[in-house]
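As provided, upload06.cif (mmCIF, C-alpha atoms) reads as follows.
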```
data_model
#
loop_
_atom_site.group_PDB
_atom_site.id
_atom_site.type_symbol
_atom_site.label_atom_id
_atom_site.label_comp_id
_atom_site.auth_asym_id
_atom_site.auth_seq_id
_atom_site.Cartn_x
_atom_site.Cartn_y
_atom_site.Cartn_z
ATOM 1 C CA MET A 1 0.000 0.000 0.000
ATOM 2 C CA SER A 2 1.365 3.396 -0.966
ATOM 3 C CA PRO A 3 1.650 6.210 1.612
ATOM 4 C CA VAL A 4 -1.264 8.035 -0.058
ATOM 5 C CA GLU A 5 -3.487 4.940 0.094
ATOM 6 C CA ASP A 6 -2.450 4.341 3.711
ATOM 7 C CA SER A 7 -3.310 7.952 4.551
ATOM 8 C CA ARG A 8 -6.741 7.632 2.921
ATOM 9 C CA ALA A 9 -7.442 4.367 4.731
ATOM 10 C CA SER A 10 -6.381 5.912 8.036
ATOM 11 C CA ARG A 11 -8.582 8.947 7.422
ATOM 12 C CA ALA A 12 -11.545 6.748 6.510
ATOM 13 C CA GLU A 13 -11.050 4.726 9.702
ATOM 14 C CA ARG A 14 -10.912 7.876 11.857
ATOM 15 C CA LYS A 15 -14.053 9.189 10.159
ATOM 16 C CA ARG A 16 -15.906 5.909 10.754
ATOM 17 C CA THR A 17 -14.845 5.862 14.412
ATOM 18 C CA TYR A 18 -16.000 9.470 14.870
ATOM 19 C CA LYS A 19 -19.408 8.754 13.335
ATOM 20 C CA GLU A 20 -19.902 5.678 15.526
ATOM 21 C CA ALA A 21 -18.948 7.450 18.763
ATOM 22 C CA ALA A 22 -21.816 8.202 21.102
ATOM 23 C CA VAL A 23 -22.577 11.915 21.316
ATOM 24 C CA PRO A 24 -22.920 13.104 24.924
ATOM 25 C CA MET A 25 -26.483 14.171 25.671
ATOM 26 C CA GLY A 26 -28.052 15.402 28.861
ATOM 27 C CA ILE A 27 -28.914 18.307 31.124
ATOM 28 C CA TYR A 28 -26.734 21.417 31.271
ATOM 29 C CA ALA A 29 -26.557 24.704 33.138
ATOM 30 C CA ILE A 30 -25.242 28.124 32.243
ATOM 31 C CA ARG A 31 -24.275 29.744 35.530
ATOM 32 C CA ASN A 32 -23.755 33.480 36.005
ATOM 33 C CA ARG A 33 -21.146 33.590 38.770
ATOM 34 C CA VAL A 34 -21.705 37.330 39.356
ATOM 35 C CA ASN A 35 -25.405 37.331 40.238
ATOM 36 C CA GLY A 36 -26.035 33.623 40.854
ATOM 37 C CA LYS A 37 -28.617 33.163 38.104
ATOM 38 C CA VAL A 38 -28.717 29.750 36.441
ATOM 39 C CA PHE A 39 -30.221 28.767 33.090
ATOM 40 C CA VAL A 40 -30.938 25.031 32.799
ATOM 41 C CA GLY A 41 -31.529 23.236 29.517
ATOM 42 C CA HIS A 42 -31.236 19.882 27.793
ATOM 43 C CA SER A 43 -29.706 18.690 24.556
ATOM 44 C CA LEU A 44 -29.182 15.560 22.509
ATOM 45 C CA ASN A 45 -25.694 16.897 21.696
ATOM 46 C CA LEU A 46 -24.087 18.819 24.568
ATOM 47 C CA PRO A 47 -20.899 19.986 22.791
ATOM 48 C CA ALA A 48 -22.940 21.293 19.847
ATOM 49 C CA MET A 49 -25.349 23.066 22.214
ATOM 50 C CA PHE A 50 -22.508 24.823 24.046
ATOM 51 C CA ASN A 51 -21.093 25.964 20.697
ATOM 52 C CA ARG A 52 -24.527 27.173 19.596
ATOM 53 C CA ILE A 53 -25.100 29.144 22.801
ATOM 54 C CA ARG A 54 -21.690 30.837 22.585
ATOM 55 C CA PHE A 55 -22.398 31.716 18.945
ATOM 56 C CA GLU A 56 -25.812 33.151 19.857
ATOM 57 C CA PHE A 57 -24.241 35.292 22.587
ATOM 58 C CA ALA A 58 -21.539 36.534 20.215
ATOM 59 C CA GLN A 59 -24.160 37.453 17.609
ATOM 60 C CA ARG A 60 -26.388 39.060 20.263
ATOM 61 C CA MET A 61 -29.279 36.776 19.368
ATOM 62 C CA HIS A 62 -29.713 34.430 22.336
ATOM 63 C CA ARG A 63 -33.331 33.355 22.765
ATOM 64 C CA VAL A 64 -33.447 34.508 26.424
ATOM 65 C CA PRO A 65 -33.078 38.309 26.391
ATOM 66 C CA GLU A 66 -32.290 38.556 30.135
ATOM 67 C CA LEU A 67 -29.470 36.034 29.783
ATOM 68 C CA GLN A 68 -28.146 37.892 26.739
ATOM 69 C CA ALA A 69 -28.203 41.165 28.694
ATOM 70 C CA ASP A 70 -26.249 39.573 31.568
ATOM 71 C CA TRP A 71 -23.709 38.189 29.072
ATOM 72 C CA GLU A 72 -23.188 41.640 27.589
ATOM 73 C CA ARG A 73 -23.071 43.315 31.018
ATOM 74 C CA HIS A 74 -20.668 40.881 32.746
ATOM 75 C CA GLY A 75 -18.798 39.228 29.852
ATOM 76 C CA GLU A 76 -17.978 35.626 29.072
ATOM 77 C CA ALA A 77 -15.614 35.259 32.041
ATOM 78 C CA ALA A 78 -18.587 35.599 34.431
ATOM 79 C CA PHE A 79 -20.287 32.470 33.061
ATOM 80 C CA SER A 80 -19.668 28.770 33.415
ATOM 81 C CA PHE A 81 -21.106 25.994 31.251
ATOM 82 C CA GLU A 82 -21.744 22.859 33.248
ATOM 83 C CA VAL A 83 -23.038 19.384 32.477
ATOM 84 C CA LEU A 84 -25.448 18.471 35.273
ATOM 85 C CA ASP A 85 -26.334 14.980 34.076
ATOM 86 C CA LYS A 86 -25.377 12.844 31.104
ATOM 87 C CA LEU A 87 -27.888 10.448 29.613
ATOM 88 C CA GLU A 88 -26.775 7.042 28.470
ATOM 89 C CA PRO A 89 -27.454 6.306 24.794
ATOM 90 C CA LEU A 90 -30.071 3.671 24.091
ATOM 91 C CA ASP A 91 -28.778 0.291 22.982
ATOM 92 C CA GLU A 92 -31.477 0.144 20.331
ATOM 93 C CA PRO A 93 -33.296 3.030 18.722
ATOM 94 C CA GLY A 94 -36.975 3.217 19.381
ATOM 95 C CA PRO A 95 -39.912 5.490 20.190
#
```
Please rewrite the model in this file as structure tokens.
Amino acid sequence: MSPVEDSRASRAERKRTYKEAAVPMGIYAIRNRVNGKVFVGHSLNLPAMFNRIRFEFAQRMHRVPELQADWERHGEAAFSFEVLDKLEPLDEPGP
């Protein structure tokens, strides 16, 4: 196998492994450490949700105006993103 073919096979294997990995899902909190307010939510994909929320804050379009105002007033350093509970993936898909 040539180095190029080996590289492609390795990349394909990494891609397959990534797609088969269970995505962490569960309950999360966004905590304002300045005023003690906590926003609690849930997601089927926690890392994607944290990215989405940070993007919404940066674009000034978060769906909770009071939380957006606190973000703008206190800045990102005043907030923590926490996973409160992770849900185990189902062994078999179903309703």
Box in all listed atoms of region 6-16 of chain A, axis-aligned, with 4 Å more on each side; write out centre and edge lengths in Å to one decimal as JSON.
```
{"center_x": -9.2, "center_y": 6.8, "center_z": 7.4, "size_x": 21.5, "size_y": 12.8, "size_z": 16.9}
```
Residues returned when the PyMOL selection byres ((chain A and resi 39) around 10) runs on this file, as a PDB file with C-alpha atoms, in the coordinates of the input:
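Produced file out.pdb, reproduced below:
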```pdb
ATOM      1  CA  TYR A  28     -26.734  21.417  31.271  1.00  0.00           C
ATOM      2  CA  ALA A  29     -26.557  24.704  33.138  1.00  0.00           C
ATOM      3  CA  ILE A  30     -25.242  28.124  32.243  1.00  0.00           C
ATOM      4  CA  ARG A  31     -24.275  29.744  35.530  1.00  0.00           C
ATOM      5  CA  ASN A  32     -23.755  33.480  36.005  1.00  0.00           C
ATOM      6  CA  LYS A  37     -28.617  33.163  38.104  1.00  0.00           C
ATOM      7  CA  VAL A  38     -28.717  29.750  36.441  1.00  0.00           C
ATOM      8  CA  VAL A  40     -30.938  25.031  32.799  1.00  0.00           C
ATOM      9  CA  GLY A  41     -31.529  23.236  29.517  1.00  0.00           C
ATOM     10  CA  VAL A  64     -33.447  34.508  26.424  1.00  0.00           C
ATOM     11  CA  LEU A  67     -29.470  36.034  29.783  1.00  0.00           C
ATOM     12  CA  PHE A  81     -21.106  25.994  31.251  1.00  0.00           C
TER      13      PHE A  81
END
```
Practice problem: On this file, the PyMOL selection byres ((chain A and resi 24) around 6) gives some set of residues; write that set as an NGL selection string. | Solution: :A and (23 or 25 or 45-46)
Quiz prompt | From A:Ala21, A:Ser10, A:Ser43, A:Glu72, residue lying nearest Phe57 (chain A) [all atoms listed in the file] | solution = A:Glu72
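For the residues A:Pro65, A:Ile53, A:Arg60, A:Asn35, ranking by smallest atom-to-atom distance to Ala78 (chain A) using all atoms listed in the file places A:Asn35 first.
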Practice problem: Show which residues sit within 12 Å of Leu44 (chain A), as number ranges by chain. Count all atoms listed in the file, and ignore same-chain residues fewer than 4 positions away. | Solution: A: 22-28, 48-50, 85-89
Quiz item: When distances are computed from all atoms listed in the file, which of A:Pro47, A:Arg33, A:Arg52, A:Ala9 shows the smallest separation from Trp71 (chain A)?
Solution: A:Arg33
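Computed from the coordinates, the CA of Arg16 (chain A) to CA of Phe55 (chain A) distance equals 27.8 Å.
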Quiz item: With all atoms listed in the file as the atoms that count, which of A:His42, A:Glu76, A:Arg11, A:Ala69 lies nearest to Arg54 (chain A)?
Solution: A:Glu76
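Computed from the coordinates, the CA of Lys15 (chain A) to CA of Glu82 (chain A) distance equals 27.9 Å.
Interatomic distance, CA of Glu56 (chain A) against CA of Asp70 (chain A): 13.4 Å.
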